[in-house]
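What follows is protein.tsv (TSV, C-alpha atoms and all ligand atoms).
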chain	number	residue	atom	x	y	z
A	1	MET	CA	-48.19	0.98	-6.26
A	2	LYS	CA	-44.70	2.21	-5.66
A	3	GLN	CA	-43.05	5.12	-7.44
A	4	ARG	CA	-40.16	4.12	-9.69
A	5	THR	CA	-36.62	5.41	-9.73
A	6	PRO	CA	-36.15	7.95	-12.59
A	7	VAL	CA	-34.00	6.62	-15.43
A	8	TYR	CA	-31.40	9.40	-15.17
A	9	ILE	CA	-30.58	8.18	-11.64
A	10	THR	CA	-30.12	4.63	-12.92
A	11	ILE	CA	-27.81	5.88	-15.71
A	12	LEU	CA	-25.84	8.02	-13.26
A	13	ILE	CA	-25.32	5.04	-10.94
A	14	ILE	CA	-24.21	2.88	-13.89
A	15	LEU	CA	-21.71	5.56	-15.00
A	16	CYS	CA	-20.32	5.86	-11.46
A	17	ILE	CA	-19.85	2.10	-11.16
A	18	LEU	CA	-18.24	1.95	-14.61
A	19	TYR	CA	-15.88	4.78	-13.64
A	20	ILE	CA	-14.89	3.16	-10.34
A	21	VAL	CA	-14.34	-0.29	-11.84
A	22	SER	CA	-12.27	1.14	-14.73
A	23	TYR	CA	-10.24	3.22	-12.30
A	24	MET	CA	-9.57	0.14	-10.16
A	25	PHE	CA	-8.19	-1.78	-13.13
A	26	VAL	CA	-6.32	1.01	-14.97
A	27	GLN	CA	-5.15	2.92	-11.83
A	28	ASP	CA	-5.40	6.28	-13.62
A	29	THR	CA	-7.97	8.19	-15.64
A	30	SER	CA	-6.50	7.48	-19.09
A	31	PHE	CA	-9.54	5.27	-19.86
A	32	LEU	CA	-11.62	8.46	-20.13
A	33	THR	CA	-10.24	8.93	-23.65
A	34	SER	CA	-10.86	5.32	-24.65
A	35	PRO	CA	-13.68	4.64	-27.12
A	36	TYR	CA	-14.25	1.31	-25.35
A	37	PHE	CA	-15.12	3.06	-22.12
A	38	TRP	CA	-17.59	5.45	-23.78
A	39	GLY	CA	-18.96	2.64	-25.98
A	40	THR	CA	-19.65	0.56	-22.87
A	41	ALA	CA	-21.24	3.57	-21.16
A	42	LEU	CA	-23.46	4.24	-24.19
A	43	ILE	CA	-24.61	0.62	-24.48
A	44	ALA	CA	-25.30	0.52	-20.73
A	45	ALA	CA	-27.34	3.74	-20.98
A	46	ILE	CA	-29.37	2.35	-23.91
A	47	ILE	CA	-30.08	-0.86	-21.98
A	48	ALA	CA	-31.17	1.24	-18.98
A	49	LEU	CA	-33.52	3.23	-21.23
A	50	ILE	CA	-35.01	0.05	-22.70
A	51	HIS	CA	-35.40	-1.36	-19.18
A	52	HIS	CA	-37.13	1.82	-18.13
A	53	SER	CA	-39.53	1.70	-21.12
A	54	ILE	CA	-40.52	-1.86	-20.26
A	55	GLY	CA	-41.13	-0.56	-16.73
A	56	ASP	CA	-43.41	2.12	-18.22
A	57	LEU	CA	-45.50	-0.53	-19.97
A	58	ILE	CA	-45.86	-2.56	-16.77
A	59	GLU	CA	-46.72	0.60	-14.86
A	60	ASN	CA	-49.47	1.47	-17.37
A	61	THR	CA	-50.98	-2.00	-17.19
A	62	LYS	CA	-50.91	-1.99	-13.41
A	63	PHE	CA	-52.34	1.52	-13.25
A	64	LYS	CA	-55.49	0.33	-15.04
A	65	THR	CA	-56.17	-2.19	-12.26
A	66	LEU	CA	-56.20	0.52	-9.55
A	67	SER	CA	-59.39	1.99	-8.07
A	68	ASP	CA	-60.14	5.64	-8.84
A	69	GLU	CA	-59.00	6.69	-5.40
A	70	GLU	CA	-55.74	4.82	-5.74
A	71	LYS	CA	-55.22	6.29	-9.18
A	72	LYS	CA	-55.58	9.79	-7.77
A	73	ALA	CA	-53.19	9.08	-4.90
A	74	TYR	CA	-50.67	7.58	-7.28
A	75	LEU	CA	-50.76	10.55	-9.66
A	76	GLU	CA	-50.48	12.91	-6.69
A	77	ALA	CA	-47.42	11.06	-5.39
A	78	LYS	CA	-45.89	11.11	-8.85
A	79	LYS	CA	-45.75	14.92	-8.78
A	80	VAL	CA	-43.39	14.90	-5.77
A	81	PRO	CA	-39.79	15.20	-6.98
A	82	TYR	CA	-37.79	12.00	-6.58
A	83	PHE	CA	-35.32	13.13	-3.91
A	84	LYS	CA	-38.00	14.89	-1.91
A	85	GLY	CA	-40.06	11.69	-1.92
A	86	LEU	CA	-37.02	9.67	-0.93
A	87	TYR	CA	-36.31	12.02	1.96
A	88	GLU	CA	-39.92	12.06	3.13
A	89	SER	CA	-40.25	8.31	2.92
A	90	ALA	CA	-37.70	8.05	5.71
A	91	PHE	CA	-40.16	9.73	8.10
A	92	LYS	CA	-43.32	8.06	6.89
A	93	LYS	CA	-45.27	6.18	9.55
A	94	GLN	CA	-46.16	2.62	8.82
A	95	SER	CA	-49.83	1.74	9.16
A	96	ALA	CA	-51.40	-1.69	8.99
A	97	SER	CA	-54.12	-0.54	6.58
A	98	GLU	CA	-51.47	0.14	3.91
A	99	GLU	CA	-50.42	-3.48	3.86
A	100	LYS	CA	-51.66	-4.25	0.38
A	101	ASP	CA	-49.70	-1.23	-0.90
A	102	ILE	CA	-46.46	-2.54	0.43
A	103	LEU	CA	-46.95	-6.13	-0.62
A	104	ILE	CA	-44.10	-7.02	-2.94
A	105	ASP	CA	-45.12	-8.82	-6.11
A	106	HIS	CA	-43.52	-12.09	-5.36
A	107	GLY	CA	-44.10	-14.86	-2.94
A	108	PHE	CA	-43.16	-18.43	-2.35
A	109	ASP	CA	-45.16	-21.21	-0.67
A	110	GLY	CA	-47.74	-18.63	0.31
A	111	ILE	CA	-45.16	-16.57	2.15
A	112	MET	CA	-45.45	-12.96	1.02
A	113	GLU	CA	-42.95	-10.20	1.50
A	114	LEU	CA	-43.83	-6.72	2.72
A	115	ASP	CA	-41.83	-3.66	1.73
A	116	ASN	CA	-41.74	-2.31	5.28
A	117	GLN	CA	-40.22	0.97	6.41
A	118	LEU	CA	-36.66	0.42	7.55
A	119	PRO	CA	-36.00	1.11	11.23
A	120	LYS	CA	-34.72	4.64	11.88
A	121	TRP	CA	-31.56	3.46	13.63
A	122	TRP	CA	-30.76	1.32	10.58
A	123	LEU	CA	-31.34	4.18	8.15
A	124	GLY	CA	-29.28	6.52	10.29
A	125	LEU	CA	-26.40	4.09	10.36
A	126	PHE	CA	-26.71	3.51	6.63
A	127	TRP	CA	-26.56	7.20	5.71
A	128	PHE	CA	-23.75	7.75	8.18
A	129	GLY	CA	-21.84	4.99	6.37
A	130	VAL	CA	-22.62	6.50	2.98
A	131	SER	CA	-21.48	9.99	3.98
A	132	TYR	CA	-18.35	8.59	5.60
A	133	CYS	CA	-17.64	6.71	2.37
A	134	LEU	CA	-18.11	9.89	0.35
A	135	VAL	CA	-15.74	11.92	2.54
A	136	TYR	CA	-13.20	9.13	2.41
A	137	MET	CA	-13.46	8.70	-1.39
A	138	LEU	CA	-13.17	12.42	-2.08
A	139	SER	CA	-10.20	12.88	0.23
A	140	TYR	CA	-8.61	9.77	-1.25
A	141	ALA	CA	-9.09	11.13	-4.78
A	142	PHE	CA	-8.05	14.73	-4.20
A	143	THR	CA	-5.82	14.85	-1.11
A	144	ASP	CA	-2.95	12.86	0.36
A	145	PHE	CA	-5.12	11.69	3.25
A	146	ALA	CA	-5.10	7.91	3.68
A	147	HIS	CA	-3.39	7.51	0.31
A	148	GLN	CA	-0.87	4.69	0.19
A	149	THR	CA	1.40	6.13	-2.51
A	150	PRO	CA	2.44	9.32	-0.63
A	151	GLU	CA	2.48	7.30	2.61
A	152	TYR	CA	4.82	4.79	1.02
A	153	ASP	CA	7.04	7.57	-0.37
A	154	ALA	CA	7.26	9.26	3.02
A	155	GLU	CA	8.10	5.99	4.78
A	156	TYR	CA	10.62	5.09	2.11
A	157	LYS	CA	12.34	8.47	2.44
A	158	ALA	CA	12.38	8.22	6.23
A	159	GLN	CA	13.87	4.73	6.06
A	160	THR	CA	16.58	5.55	3.51
A	161	ALA	CA	17.42	8.64	5.60
A	162	SER	CA	17.73	6.55	8.74
A	163	ILE	CA	19.86	3.98	6.91
A	164	ALA	CA	22.13	6.74	5.58
A	165	GLU	CA	22.31	8.18	9.11
A	166	TYR	CA	23.24	4.77	10.51
A	167	VAL	CA	25.92	4.18	7.88
A	168	LYS	CA	27.35	7.67	8.48
A	169	ASN	CA	27.56	7.15	12.23
A	170	THR	CA	28.81	3.58	12.04
A	171	PRO	CA	32.27	3.32	10.55
A	172	PRO	CA	32.64	0.19	8.41
A	173	PRO	CA	34.38	-2.68	10.20
A	174	THR	CA	38.13	-3.04	9.75
A	175	ILE	CA	40.21	-6.17	10.14
A	176	ASP	CA	40.87	-5.16	13.76
A	177	ASN	CA	37.26	-4.93	14.92
A	178	ALA	CA	35.44	-7.17	12.41
A	179	ALA	CA	33.88	-10.22	14.02
A	180	TYR	CA	32.15	-13.34	12.88
A	181	SER	CA	28.38	-13.39	13.37
A	182	PRO	CA	25.97	-16.04	12.08
A	183	ASP	CA	23.55	-13.19	11.34
A	184	ASN	CA	25.82	-12.01	8.52
A	185	ILE	CA	25.96	-15.34	6.65
A	186	GLU	CA	22.90	-14.68	4.52
A	187	ALA	CA	24.04	-11.20	3.44
A	188	GLY	CA	27.51	-12.66	2.84
A	189	ALA	CA	26.06	-15.33	0.56
A	190	GLU	CA	24.59	-12.52	-1.56
A	191	VAL	CA	27.97	-10.72	-1.76
A	192	PHE	CA	29.57	-14.05	-2.69
A	193	LYS	CA	27.01	-14.73	-5.43
A	194	THR	CA	27.55	-11.31	-6.98
A	195	ASN	CA	31.34	-11.05	-6.76
A	196	CYS	CA	33.05	-14.33	-6.05
A	197	VAL	CA	31.10	-17.23	-7.52
A	198	SER	CA	32.57	-16.73	-11.02
A	199	CYS	CA	36.00	-17.82	-9.76
A	200	HIS	CA	35.35	-19.70	-6.52
A	201	GLY	CA	32.36	-21.69	-7.79
A	202	ASP	CA	28.97	-22.49	-6.28
A	203	GLY	CA	29.18	-22.73	-2.51
A	204	GLY	CA	32.94	-21.99	-2.72
A	205	LYS	CA	33.82	-25.38	-4.26
A	206	GLY	CA	36.60	-23.78	-6.31
A	207	GLY	CA	37.39	-23.15	-9.99
A	208	ILE	CA	39.72	-20.42	-11.20
A	209	GLY	CA	40.11	-19.57	-7.52
A	210	PRO	CA	40.89	-22.16	-4.86
A	211	ASN	CA	38.35	-24.36	-3.07
A	212	LEU	CA	37.25	-22.35	-0.02
A	213	THR	CA	35.55	-25.28	1.74
A	214	ASP	CA	38.61	-27.40	2.46
A	215	ASN	CA	41.36	-26.94	5.04
A	216	THR	CA	44.29	-26.27	2.73
A	217	TRP	CA	45.15	-22.64	2.12
A	218	ILE	CA	47.73	-20.93	-0.12
A	219	ASN	CA	47.61	-17.70	1.82
A	220	GLN	CA	47.64	-17.76	5.61
A	221	PRO	CA	48.54	-14.22	6.70
A	222	GLU	CA	46.26	-14.31	9.77
A	223	LYS	CA	45.89	-16.71	12.68
A	224	THR	CA	42.11	-17.17	12.59
A	225	LEU	CA	40.12	-18.25	9.55
A	226	PHE	CA	37.69	-15.33	9.74
A	227	LYS	CA	40.47	-12.72	9.84
A	228	ASN	CA	42.36	-14.58	7.13
A	229	VAL	CA	39.42	-14.32	4.73
A	230	PHE	CA	38.89	-10.65	5.69
A	231	HIS	CA	42.57	-9.99	5.02
A	232	MET	CA	42.53	-11.74	1.63
A	233	VAL	CA	39.39	-9.94	0.42
A	234	GLU	CA	40.66	-6.60	1.72
A	235	ASN	CA	44.18	-6.88	0.30
A	236	GLY	CA	43.94	-9.48	-2.46
A	237	SER	CA	46.60	-12.10	-3.11
A	238	PRO	CA	50.25	-10.97	-3.02
A	239	ASN	CA	51.17	-13.71	-5.54
A	240	ASN	CA	48.23	-13.65	-7.92
A	241	PRO	CA	46.55	-10.44	-9.10
A	242	THR	CA	43.54	-12.51	-10.31
A	243	MET	CA	42.38	-12.30	-6.69
A	244	GLN	CA	42.11	-8.54	-6.49
A	245	ALA	CA	42.14	-6.34	-3.37
A	246	TRP	CA	38.38	-5.90	-3.15
A	247	GLY	CA	38.53	-3.67	-0.08
A	248	LYS	CA	41.58	-1.56	-1.03
A	249	ASN	CA	40.23	-1.10	-4.57
A	250	GLY	CA	36.98	0.23	-3.14
A	251	VAL	CA	34.79	-2.45	-4.76
A	252	LEU	CA	33.52	-3.79	-1.42
A	253	THR	CA	32.92	-1.92	1.84
A	254	GLY	CA	34.03	-3.13	5.26
A	255	PHE	CA	30.43	-4.29	5.85
A	256	ASP	CA	30.47	-6.40	2.66
A	257	ILE	CA	33.80	-7.93	3.59
A	258	GLN	CA	32.64	-8.73	7.13
A	259	ASN	CA	29.56	-10.40	5.62
A	260	VAL	CA	31.36	-12.41	2.96
A	261	ALA	CA	34.01	-13.48	5.49
A	262	ALA	CA	31.20	-14.80	7.70
A	263	TYR	CA	29.84	-16.72	4.73
A	264	VAL	CA	33.23	-18.25	3.85
A	265	TYR	CA	33.76	-19.11	7.54
A	266	HIS	CA	30.33	-20.77	7.52
A	267	ILE	CA	30.97	-22.94	4.43
A	268	ASN	CA	34.45	-23.84	5.67
A	269	GLN	CA	33.77	-24.55	9.35
A	270	GLU	CA	30.08	-25.34	9.63
A	271	GLN	CA	29.60	-27.42	6.50
A	272	LYS	CA	31.36	-30.46	5.11
A	273	PRO	CA	34.15	-29.67	2.59
A	274	ILE	CA	33.25	-30.17	-1.08
A	275	THR	CA	35.81	-32.82	-2.10
A	276	PRO	CA	37.17	-33.34	-5.65
A	277	ALA	CA	34.96	-36.47	-5.82
A	278	GLU	CA	31.93	-34.15	-5.36
A	279	GLY	CA	33.10	-31.65	-7.98
A	280	GLY	CA	35.24	-29.51	-5.70
A	281	ALA	CA	38.65	-28.20	-6.80
A	282	ALA	CA	41.72	-30.13	-5.65
A	283	PRO	CA	43.39	-28.83	-2.47
A	284	GLN	CA	45.94	-26.05	-2.99
A	285	GLY	CA	48.50	-24.80	-0.49
A	286	THR	CA	49.20	-26.29	2.93
A	287	PRO	CA	46.89	-27.56	5.67
A	288	ALA	CA	45.84	-24.75	7.97
A	289	ASN	CA	45.70	-24.90	11.72
A	290	TRP	CA	43.38	-22.01	12.56
A	291	GLU	CA	43.13	-20.62	16.05
A	292	LYS	CA	39.63	-20.46	17.42
B	301	LIG	C1	38.65	-13.28	-10.96
B	301	LIG	C2	38.64	-14.47	-10.12
B	301	LIG	C3	38.40	-14.31	-8.64
B	301	LIG	C4	37.38	-13.67	-8.04
B	301	LIG	C5	36.20	-12.96	-8.69
B	301	LIG	C6	37.57	-13.84	-6.63
B	301	LIG	N1	38.68	-14.58	-6.37
B	301	LIG	FE1	39.34	-15.13	-4.55
B	301	LIG	N2	40.96	-15.99	-5.42
B	301	LIG	C7	41.18	-16.09	-6.78
B	301	LIG	C8	42.44	-16.74	-7.00
B	301	LIG	C9	43.04	-17.09	-8.36
B	301	LIG	C10	42.97	-17.01	-5.74
B	301	LIG	C11	44.32	-17.69	-5.41
B	301	LIG	C12	45.30	-16.60	-5.14
B	301	LIG	C13	46.70	-17.11	-4.92
B	301	LIG	O1	47.08	-18.04	-5.63
B	301	LIG	O2	47.34	-16.56	-4.04
B	301	LIG	C14	42.00	-16.53	-4.79
B	301	LIG	C15	42.14	-16.63	-3.41
B	301	LIG	C16	41.18	-16.34	-2.49
B	301	LIG	C17	41.28	-16.62	-1.08
B	301	LIG	C18	42.45	-17.25	-0.40
B	301	LIG	C19	42.41	-18.72	-0.71
B	301	LIG	C20	43.73	-19.42	-0.43
B	301	LIG	O3	43.74	-20.65	-0.49
B	301	LIG	O4	44.71	-18.72	-0.19
B	301	LIG	C21	40.11	-16.20	-0.51
B	301	LIG	C22	39.70	-16.33	0.93
B	301	LIG	C23	39.31	-15.67	-1.58
B	301	LIG	N3	39.98	-15.76	-2.76
B	301	LIG	C24	38.05	-15.15	-1.38
B	301	LIG	C25	37.37	-14.50	-2.41
B	301	LIG	C26	36.14	-13.80	-2.18
B	301	LIG	C27	35.40	-13.73	-0.86
B	301	LIG	C28	35.80	-13.26	-3.37
B	301	LIG	C29	34.59	-12.35	-3.66
B	301	LIG	C30	34.56	-11.13	-2.96
B	301	LIG	C31	36.78	-13.66	-4.34
B	301	LIG	N4	37.71	-14.38	-3.71
B	301	LIG	C32	36.71	-13.33	-5.67
B	301	LIG	C33	40.35	-15.66	-7.80
B	301	LIG	C34	39.23	-14.88	-7.59
What's the structure tokens form of this structure?
Amino acid sequence: MKQRTPVYITILIILCILYIVSYMFVQDTSFLTSPYFWGTALIAAIIALIHHSIGDLIENTKFKTLSDEEKKAYLEAKKVPYFKGLYESAFKKQSASEEKDILIDHGFDGIMELDNQLPKWWLGLFWFGVSYCLVYMLSYAFTDFAHQTPEYDAEYKAQTASIAEYVKNTPPPTIDNAAYSPDNIEAGAEVFKTNCVSCHGDGGKGGIGPNLTDNTWINQPEKTLFKNVFHMVENGSPNNPTMQAWGKNGVLTGFDIQNVAAYVYHINQEQKPITPAEGGAAPQGTPANWEK
């Protein structure tokens, strides 16, 4: 007959699991003041005690079926403290004569299961895993080791610092050195959505401001389309203050202007114009003949 696990160990394991699961869901220890947490712990402990008492009854009944010798051996083994017994059991030799002692009380189709000693290499690996887990959990709980929040903060700081460094060392583009790049279209679309769409409409189809997808332009201060858009966003319209000088006023940086100019170039040159029949604004100004 096997020795049973003491009930305080069962309750301790239940409390640990309850703590870990609550921590996983709540992400801090505020649940320790919740009556629900302690209520659950109390009910779990009571159930464990009831379970243990039922075990006592079964143990008593089984004890009566043992021979005198077995009874003595069982009572002797019961005196050994739980952890000592656990430790010693790891070094116990298996002998064939003990087979009936290690027969587990269930079987199927005549196949019985023996509670054999686990191989030493297996046990060693198991306890190595457990101690590794413990070290990891403790360092995770009490230090910054392998903790994703401080790691994230450090990476975030390093990245913002490197971005700031890059911006500091890279002067924003001006109309003289700005260039069209398809890579900037996406970022330009964002600038357009935030600043321009209210007047120039979805996809630049026009509204309060002119249609930016067609080939007629009111303002043509530059020879190429890309530079023309850069110029207009930088300086605004000389005739109509509704189109403000986004660059000169400091609302947009040279990077933003380079991006949004790429976007306007893209919708004007690489997509079909949105005609009045499709909801676009009527052409304004004169046809443009942009240089490449
Ligand atoms: C408050 C409304 C408004 C906003 C916002 C606005 N625009 Fe304009 N935009 C206009 C008006 C009105 C004109 C026509 C100016 C004129 O008549 O000279 C114009 C003209 C232009 C032109 C020249 C078009 C032409 O035919 O000459 C470009 C290019 C342009 N805007 C781009 C932009 C971009 C890019 C943004 C966002 C950064 C933007 N606009 C934001 C109202 C606006």
Neighbourhood of ligand LIG 301 (chain B) at 7 Å, counting all atoms listed in the file, reported as an MDAnalysis selection string: chainID A and resid 191:192 195:200 208:210 212 216:220 228:229 232:233 237:240 242:244 246 260:261 264 284:285
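In this comparison, which uses all atoms listed in the file, the residue of A:Gln3, A:Ser131, A:Asn116, A:Asn289 approaching Glu59 in chain A most closely is A:Gln3.
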For CA of Ser30 in chain A and CA of Ala48 in chain A, the interatomic separation in Å (one decimal): 25.4 Å
All residues 10 Å or closer to Pro6 in chain A, all atoms listed in the file, same chain fewer than 3 positions away omitted, as number ranges by chain: A: 3, 9-11, 52, 81-82
Selected residue, from A:Ser34, A:Ser53, A:Gln27, A:Asn268, that lies nearest to Lys205 in chain A when counting all atoms listed in the file: A:Asn268
Atom pair CA of Ala262 in chain A / CA of Phe230 in chain A: separation (Å): 9.0 Å
Sorted by chain and rising residue number, which residues of range 92-176 of chain A lie within 8 Å of range 252-258 of chain A, and what are their closest atom pairs and distances in Å to one decimal, counting all atoms listed in the file, as CSV?
residue,atom,partner,partner_atom,distance
A:Pro172,CA,A:Gly254,CA,4.8
A:Pro173,CA,A:Gly254,CA,5.0
A:Thr174,CA,A:Gly254,CA,6.1
Computed interatomic separation between CA of Ser22 in chain A and CA of Leu49 in chain A (Å):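 CA of Leu49 in chain A lies 22.3 Å from CA of Ser22 in chain A.
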A:Ala141, A:Ile185, A:Ile54, A:Ala288 ranked by distance to Pro221 in chain A, top pick (using only C-alpha atoms):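 Among A:Ala141, A:Ile185, A:Ile54, A:Ala288, it is A:Ala288 that comes nearest to Pro221 in chain A.
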Selection as a list in words: residues within 8 Å of (35.4, -15.7, 17.9), counting only C-alpha atoms: Ala179, Tyr180 and Lys292 of chain A
All residues 12 Å or closer to Leu86 in chain A, only C-alpha atoms, same chain fewer than 4 positions away omitted, as a ChimeraX atom specification: /A:2-6,77-78,80-82,90-92,117
Distance criterion (all atoms listed in the file): nearest to Ala187 in chain A out of A:Thr213, A:Asn259, A:Asn249, A:Thr65: A:Asn259
